[in-house]
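Inspection log for the structure reproduced underneath, given as structure tokens.
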Amino acid sequence: MPELPEVETIRRDLLPLLRGRTIAEAWVSPNAPRLIQLLPPDEFCRQIAGRRVEDIERRGKYLLFRLDGGLLWGVHLRMTGRLLHDANSCPETPYLRASFRLDDGARLCFVDLRKFGTMWLVDDEALVTGRLGPEPLSEDFTPAYLHSVLKRRSAPVKGVLLDQGAIAGIGNIYADEALFRAGINPKRAANSIAKQRAARLHGGIREALELALGDRGSSFRDYLDPSGREGGHHLKVRVFRRTAEPCYVCGTEIRRVKVAGRSTHYCPKCQR
């Protein structure tokens, strides 16, 4: 699933291409019955046509297109969704779930293999992002805030990092990477982490996300940017999907276990 670095890369790429552009026409595939939330697909297409894109923001893993008239077009890519921009047409694929023709003739194409992606067209942002926690790269996300979240939870710390209501935008990749950088075992109870170690985790979260942003995200399988290019950070991860490979720090084999229902990778020596 695209996480904060991948969604932010998409936002940055789309902003100069779409800001000021008008959505001339929209189409939603009849083979994507759960794509459009809160509205029938034909009503969504009718309401979004003729709207101008004034800005594009990101909240957690959500893309937020600010449209004229006070409307918000929210997009969540889920596991396999891609937003591709093409100057002429959308790719010929059975996985094309929606397309948007712009007033300059270009197309914004939503391709989704597994049909988990979702879209909203609302006038109240809270309907889309109201339950999200703070952004991990914002001033609101402090070591003190992170420690306060952890000390209230007895669940494994990996599961707390994945909770979007606690911290917005972190998923499986960067939770594993952050915990490695902080030297914390992903199975450890969150409320057993002292303030000093929580501060190390805070730094590990920020470092993992910022490095991935610099590499335009990680492309382990499905993620592509709007031009159809892969990110580069999957070539630099420390533990994620490196099962049985040697740790770059100590040489111990990286292990994979299930934590909070997710495949989790860690070094048993560096993260005791």
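Residues in the structure tokens are numbered from 1 in each chain, the chains being A, B, ... in the order shown, and ligands are numbered from 1 in the order shown.
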Determine, using only C-alpha atoms, which residues of region 194-260 of chain A have any atom at most 10 Å from an atom of region 183-190 of chain A, and tabulate each with its shortest atom pair and distance in Å to one decimal place, rows ordered by chain and then rising number, as CSV.
```
residue,atom,partner,partner_atom,distance
A:Ala194,CA,A:Ala190,CA,9.2
A:Arg197,CA,A:Ile184,CA,8.2
A:Ala198,CA,A:Ala190,CA,9.4
A:Arg200,CA,A:Gly183,CA,8.4
A:Leu201,CA,A:Ile184,CA,7.9
A:Gly204,CA,A:Gly183,CA,9.1
A:Val257,CA,A:Lys187,CA,9.2
A:Lys258,CA,A:Lys187,CA,9.0
A:Val259,CA,A:Lys187,CA,6.5
A:Ala260,CA,A:Lys187,CA,8.9
```
(Q) I need the residues in region 36-240 of chain A that are helix (DSSP H, G or I) according to DSSP; give them as a VMD selection string. (A) chain A and resid 41 to 48 68 to 70 126 to 129 143 to 151 157 to 162 172 to 182 190 to 192 195 to 214 233 to 235
Q: List every residue of region 37-266 of chain A that DSSP, applied to the backbone, labels as strand (DSSP E), and write the result as an NGL selection string.
A: :A and (53-59 or 62-67 or 72-76 or 81-86 or 96-102 or 107-112 or 118-122 or 255-259 or 262-266)
Q | Shortest interatomic distance to Asp13 (chain A) - which of A:Glu245, A:Asp225, A:Asp68, A:Glu43, counting only C-alpha atoms | A | A:Asp225
(Q) My list of candidates is A:Cys109, A:Leu67, A:Cys90, A:Met119. Which is closest to Phe44 (chain A) when distances are computed with only C-alpha atoms? (A)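 Between A:Cys109, A:Leu67, A:Cys90, A:Met119, the residue approaching Phe44 (chain A) most closely is A:Met119.
Proximity to Ser148 (chain A) was assessed for A:Glu210, A:Leu84, A:Ile173, A:Ala166 counting only C-alpha atoms; the smallest distance is recorded for A:Ala166.
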Q. With distances taken over only C-alpha atoms, which of A:Gln47, A:Asn191, A:Thr142, A:Thr80 is nearest to Ser219 (chain A)?
A.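 Residue with the minimum atom-to-atom distance to Ser219 (chain A): A:Thr80.
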Q | Best match for closeness to Leu14 (chain A) among A:Pro226, A:Tyr174, A:Gln196, A:His234, counting only C-alpha atoms | A |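 Counting only C-alpha atoms, the residue closest to Leu14 (chain A) is A:Pro226.
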